[in-house]
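Asks: Handing you this structure, nothing more for now.
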Protein chains: 2
Amino acid sequence: MSGVFITFEGGEGAGKTTLIEKVMRWLVGEGREVLRTREPGGTPLGEEIRTLLLQPRETELSPYTELCLFLASRAQHIREIILPALKLGKIVLCDRFNDSSIAYQGVARGLGREKVQAVCAFASEGLTPHLTLYLDIDPETGLRRAKNSRAQDRIESEDIAFHTRIRDGYLAIAKADPKRFCLLDASQPPETVFHQAMHLLRRHV
Amino acid sequence: MSGVFITFEGGEGAGKTTLIEKVMRWLVGEGREVLRTREPGGTPLGEEIRTLLLQPRETELSPYTELCLFLASRAQHIREIILPALKLGKIVLCDRFNDSSIAYQGVARGLGREKVQAVCAFASEGLTPHLTLYLDIDPETGLRRAKNSRAQDRIESEDIAFHTRIRDGYLAIAKADPKRFCLLDASQPPETVFHQAMHLLRRHV
């Protein structure tokens, strides 16, 4: 694997999409080969799984079911999209990866941070990002931003307490793995966040 | 959990369906409350996942994807069907469970027996069968039987070598966990297999 694998993480409304677009434009402007992707990454199976995950249901999904569906979608995304791009030497910018499962299912849904981390490492064939940019934001601010920008899906309709647990999950990862998982204060203006991101990215790209 | 959880395992054409029917009739005839089930067990999500798994595809599923989809279906089956029945004190007869993942994905597809076992234990919330009846048969004989009884799906069209690895997987489980995982010689007449199964089941039901 000769490419660079960068992932972006954060709760609802943290500004991931805006940051990824800025990073993408910057790197392409520098003549780099970049693949921008997000789960399910355009794999047909991933899209079908995404539909299963996001539709409202009469019987709630078990958190284990939810986790395994995300892992299945991710495993296919890795095989079909991410690994081939990395083998070609591209910079891969991925919106959400294993840390989302650890924060959402491991911590917020209570399945256990380290257990979910171990399952993620197995199902993703040990693929680890070179750098993860985590956009940290107070959940109330983030949810207010997200509500203004688009319709709510099943996950976004959860309450503030749930989103606070997600943030706790991310902060625990930042503490456990500070070299890879870098926190950016997402309450700052987008341009400031982008410049801090560039500074971190220059070490890898 | 006050019920009894019995699972049935075996390669293609080993005679699981016939044996489960005989066991079901016997236990119901004795006035026991029995739930007969199989993955995906009639959960709406499980049926949708089954469709994803069995349809032929242009891009092959990663074995990790396959494993995670089976685990997702199983996790929902456990929550919606198996645990509620066990809580009511029923005898649950389940056609395939974690050992299938260990034999098929862990051994035959090469993901690793112990690693898959650990992931299965986590995703199934630690639920372990009281007894597993494994119908052991030579793959050539089993595949010949299966071909005569119904159309082939994606998994059945794999070659003999693959089915031999599945059998190796099951035999490794039998060696590692002989108290729970009991081998029955499925080349014997169905009535003989049933009587041996009854003998093993009497200790639990």
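Residue names in the structure tokens use chain letters A, B, ... in the order shown, residue numbers from 1 in each chain, and ligand numbers from 1 in the order shown.
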Listing only residues of chain B within 8 Å of chain A, what is the closest atom pair and its distance in Å (to one decimal) for each, using only C-alpha atoms, sorted by chain and residue number ascending, as a tab-separated table?

Replies:
residue	atom	partner	partner_atom	distance
B:Leu45	CA	A:Leu52	CA	7.4
B:Leu52	CA	A:Leu45	CA	7.4
B:Leu61	CA	A:Gln76	CA	6.8
B:Ser62	CA	A:Gln76	CA	6.0
B:Tyr64	CA	A:Ala123	CA	5.7
B:Thr65	CA	A:Ala72	CA	4.3
B:Glu66	CA	A:Ala72	CA	7.1
B:Leu67	CA	A:Ala72	CA	7.7
B:Cys68	CA	A:Ala72	CA	4.9
B:Leu69	CA	A:Ala72	CA	5.8
B:Leu71	CA	A:Cys68	CA	6.3
B:Ala72	CA	A:Thr65	CA	4.3
B:Ser73	CA	A:Thr65	CA	6.8
B:Arg74	CA	A:Thr65	CA	7.8
B:Ala75	CA	A:Thr65	CA	5.3
B:Gln76	CA	A:Thr65	CA	5.8
B:Arg79	CA	A:Ser62	CA	6.8
B:Lys115	CA	A:Phe122	CA	7.9
B:Val119	CA	A:Val119	CA	6.2
B:Phe122	CA	A:Lys115	CA	7.9
B:Ala123	CA	A:Tyr64	CA	5.8
B:Ser124	CA	A:Tyr64	CA	7.8

Asks: From a backbone DSSP assignment, name each residue in stretch 25-110 of chain B labelled alpha helix (DSSP H), as a PyMOL selection string.

Replies: chain B and resi 25-29+44-54+63-77+83-87+98-101

Asks: Report, in Å to a single decimal, how far apart atom CA of B:Arg109 and atom CA of B:Ile20 are.

Replies: 27.0 Å

Asks: Could you give me, as a JSON list (two decimals) with N, CA, C and O atoms, in the first residue's frame, the residues within 7 Å of B:Ala14, counting only C-alpha atoms and dropping anything in the same chain fewer than 5 positions from it?

Replies:
[["chain", "number", "residue", "atom", "x", "y", "z"],
["B", 135, "LEU", "N", -24.06, -32.95, 11.87],
["B", 135, "LEU", "CA", -24.24, -34.08, 10.96],
["B", 135, "LEU", "C", -23.05, -34.14, 10.01],
["B", 135, "LEU", "O", -22.94, -33.33, 9.09],
["B", 136, "ASP", "N", -22.19, -35.09, 10.27],
["B", 136, "ASP", "CA", -20.96, -35.19, 9.50],
["B", 136, "ASP", "C", -21.15, -36.08, 8.27],
["B", 136, "ASP", "O", -21.67, -37.21, 8.40],
["B", 137, "ILE", "N", -20.76, -35.58, 7.11],
["B", 137, "ILE", "CA", -20.88, -36.39, 5.89],
["B", 137, "ILE", "C", -19.74, -36.05, 4.94],
["B", 137, "ILE", "O", -19.27, -34.90, 4.89],
["B", 142, "GLY", "N", -22.61, -35.61, 0.28],
["B", 142, "GLY", "CA", -23.52, -34.54, 0.67],
["B", 142, "GLY", "C", -23.95, -33.69, -0.52],
["B", 142, "GLY", "O", -25.14, -33.41, -0.69],
["B", 186, "ALA", "N", -23.64, -38.89, 9.50],
["B", 186, "ALA", "CA", -24.84, -38.65, 8.70],
["B", 186, "ALA", "C", -24.93, -39.56, 7.48],
["B", 186, "ALA", "O", -25.88, -39.45, 6.70]]

Asks: Give me the residues near stretch 89-102 of chain A as an MDAnalysis selection string, where near means some atom within 6 Å (using only C-alpha atoms) and where sequence neighbours in that chain fewer than 2 positions away do not count.

Replies: chainID A and resid 2:9 33:38 85:87 104:106 113 116:117

Asks: Just to confirm, what's the straight-line distance from atom CA of B:Leu27 to atom CA of B:His199 in Å (one decimal)?

Replies: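 Going from atom CA of B:Leu27 over to atom CA of B:His199, I get 12.8 Å.
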
Asks: Go through B:Thr132, B:Lys22, B:Gln196, B:Ala103 one by one, measure the shortest atom-to-atom distance of each to B:Leu171 using only C-alpha atoms, and give the residue with the smallest value.

Replies: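 Residue with the minimum atom-to-atom distance to B:Leu171: B:Ala103.
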
Asks: From the options A:Leu19, A:Ala121, A:Gly10, A:Arg50, which residue's atoms come nearest to A:Val193, counting only C-alpha atoms?

Replies: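 Between A:Leu19, A:Ala121, A:Gly10, A:Arg50, the residue approaching A:Val193 most closely is A:Leu19.
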
Asks: Just to confirm, what's the straight-line distance from atom CA of B:Glu30 to atom CA of B:Leu201 in Å (one decimal)?

Replies: 13.2 Å

Asks: Taking the chain letters and numbering used in this document, name the residues of chain A that DSSP puts in strand (DSSP E or B), as a compact mmCIF listing (two decimals) with N, CA and C atoms, in the first residue's frame.

Replies:
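Written output follows (selection20.txt):
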# COMPACT_ATOMS: atom_id res chain seq x y z
N VAL A 4 -2.00 7.28 0.73
CA VAL A 4 -2.20 7.84 2.08
C VAL A 4 -3.68 7.78 2.41
N PHE A 5 -3.98 7.26 3.59
CA PHE A 5 -5.38 7.06 3.97
C PHE A 5 -5.73 8.03 5.11
N ILE A 6 -6.62 8.98 4.78
CA ILE A 6 -7.02 10.02 5.74
C ILE A 6 -8.52 9.87 6.02
N THR A 7 -8.91 9.84 7.28
CA THR A 7 -10.35 9.77 7.59
C THR A 7 -10.79 11.01 8.37
N PHE A 8 -12.07 11.30 8.24
CA PHE A 8 -12.68 12.47 8.90
C PHE A 8 -13.79 11.98 9.80
N GLU A 9 -13.79 12.47 11.04
CA GLU A 9 -14.78 12.02 12.01
C GLU A 9 -15.41 13.21 12.72
N GLY A 10 -16.58 12.97 13.29
CA GLY A 10 -17.23 14.03 14.05
C GLY A 10 -18.72 13.77 14.17
N VAL A 34 -6.37 12.29 -5.84
CA VAL A 34 -7.17 12.17 -4.62
C VAL A 34 -8.44 11.38 -4.92
N LEU A 35 -8.80 10.47 -4.01
CA LEU A 35 -10.12 9.83 -4.07
C LEU A 35 -10.89 10.26 -2.83
N ARG A 36 -12.03 10.91 -3.07
CA ARG A 36 -12.90 11.28 -1.95
C ARG A 36 -14.02 10.27 -1.86
N THR A 37 -14.23 9.71 -0.69
CA THR A 37 -15.26 8.68 -0.56
C THR A 37 -15.90 8.73 0.83
N ARG A 38 -17.01 8.04 0.95
CA ARG A 38 -17.68 7.91 2.25
C ARG A 38 -18.40 6.57 2.22
N ILE A 91 -4.23 9.57 -2.62
CA ILE A 91 -4.62 10.03 -1.29
C ILE A 91 -6.12 9.76 -1.17
N VAL A 92 -6.50 8.97 -0.18
CA VAL A 92 -7.91 8.64 0.00
C VAL A 92 -8.45 9.45 1.18
N LEU A 93 -9.48 10.27 0.90
CA LEU A 93 -10.15 11.05 1.95
C LEU A 93 -11.49 10.37 2.22
N CYS A 94 -11.66 9.83 3.42
CA CYS A 94 -12.85 9.03 3.71
C CYS A 94 -13.66 9.65 4.85
N ASP A 95 -14.92 9.94 4.54
CA ASP A 95 -15.85 10.52 5.52
C ASP A 95 -16.41 9.40 6.39
N LEU A 131 -3.91 9.23 9.22
CA LEU A 131 -4.31 10.38 10.03
C LEU A 131 -5.83 10.45 10.05
N THR A 132 -6.37 10.76 11.23
CA THR A 132 -7.81 10.98 11.35
C THR A 132 -8.04 12.38 11.90
N LEU A 133 -8.84 13.17 11.18
CA LEU A 133 -9.15 14.52 11.65
C LEU A 133 -10.54 14.48 12.30
N TYR A 134 -10.56 14.73 13.60
CA TYR A 134 -11.83 14.68 14.33
C TYR A 134 -12.30 16.10 14.60
N LEU A 135 -13.48 16.43 14.08
CA LEU A 135 -14.05 17.76 14.29
C LEU A 135 -14.91 17.74 15.55
N ASP A 136 -14.38 18.35 16.59
CA ASP A 136 -15.05 18.31 17.88
C ASP A 136 -15.99 19.49 18.06
N PHE A 181 -5.15 10.20 15.85
CA PHE A 181 -6.50 10.76 15.94
C PHE A 181 -6.41 12.18 16.49
N CYS A 182 -6.48 13.18 15.58
CA CYS A 182 -6.22 14.57 15.96
C CYS A 182 -7.51 15.38 16.06
N LEU A 183 -7.65 16.05 17.18
CA LEU A 183 -8.85 16.83 17.45
C LEU A 183 -8.73 18.25 16.91
N LEU A 184 -9.77 18.70 16.21
CA LEU A 184 -9.85 20.10 15.76
C LEU A 184 -11.09 20.72 16.39
N ASP A 185 -10.97 21.94 16.87
CA ASP A 185 -12.11 22.63 17.49
C ASP A 185 -13.03 23.16 16.38

Asks: Can you work out which one of A:Ile160, A:His130, A:Gly112, A:Pro190 has the shortest atom-to-atom distance to A:Asp177, counting only C-alpha atoms?

Replies: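 Among the listed residues, the smallest separation from A:Asp177 belongs to A:His130.
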
Asks: Of the residues A:Glu114, A:Ala197, A:Thr164, A:Lys16, which is the one nearest to A:Ala176, using only C-alpha atoms?

Replies: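 Closest to A:Ala176 of all the choices is A:Glu114.
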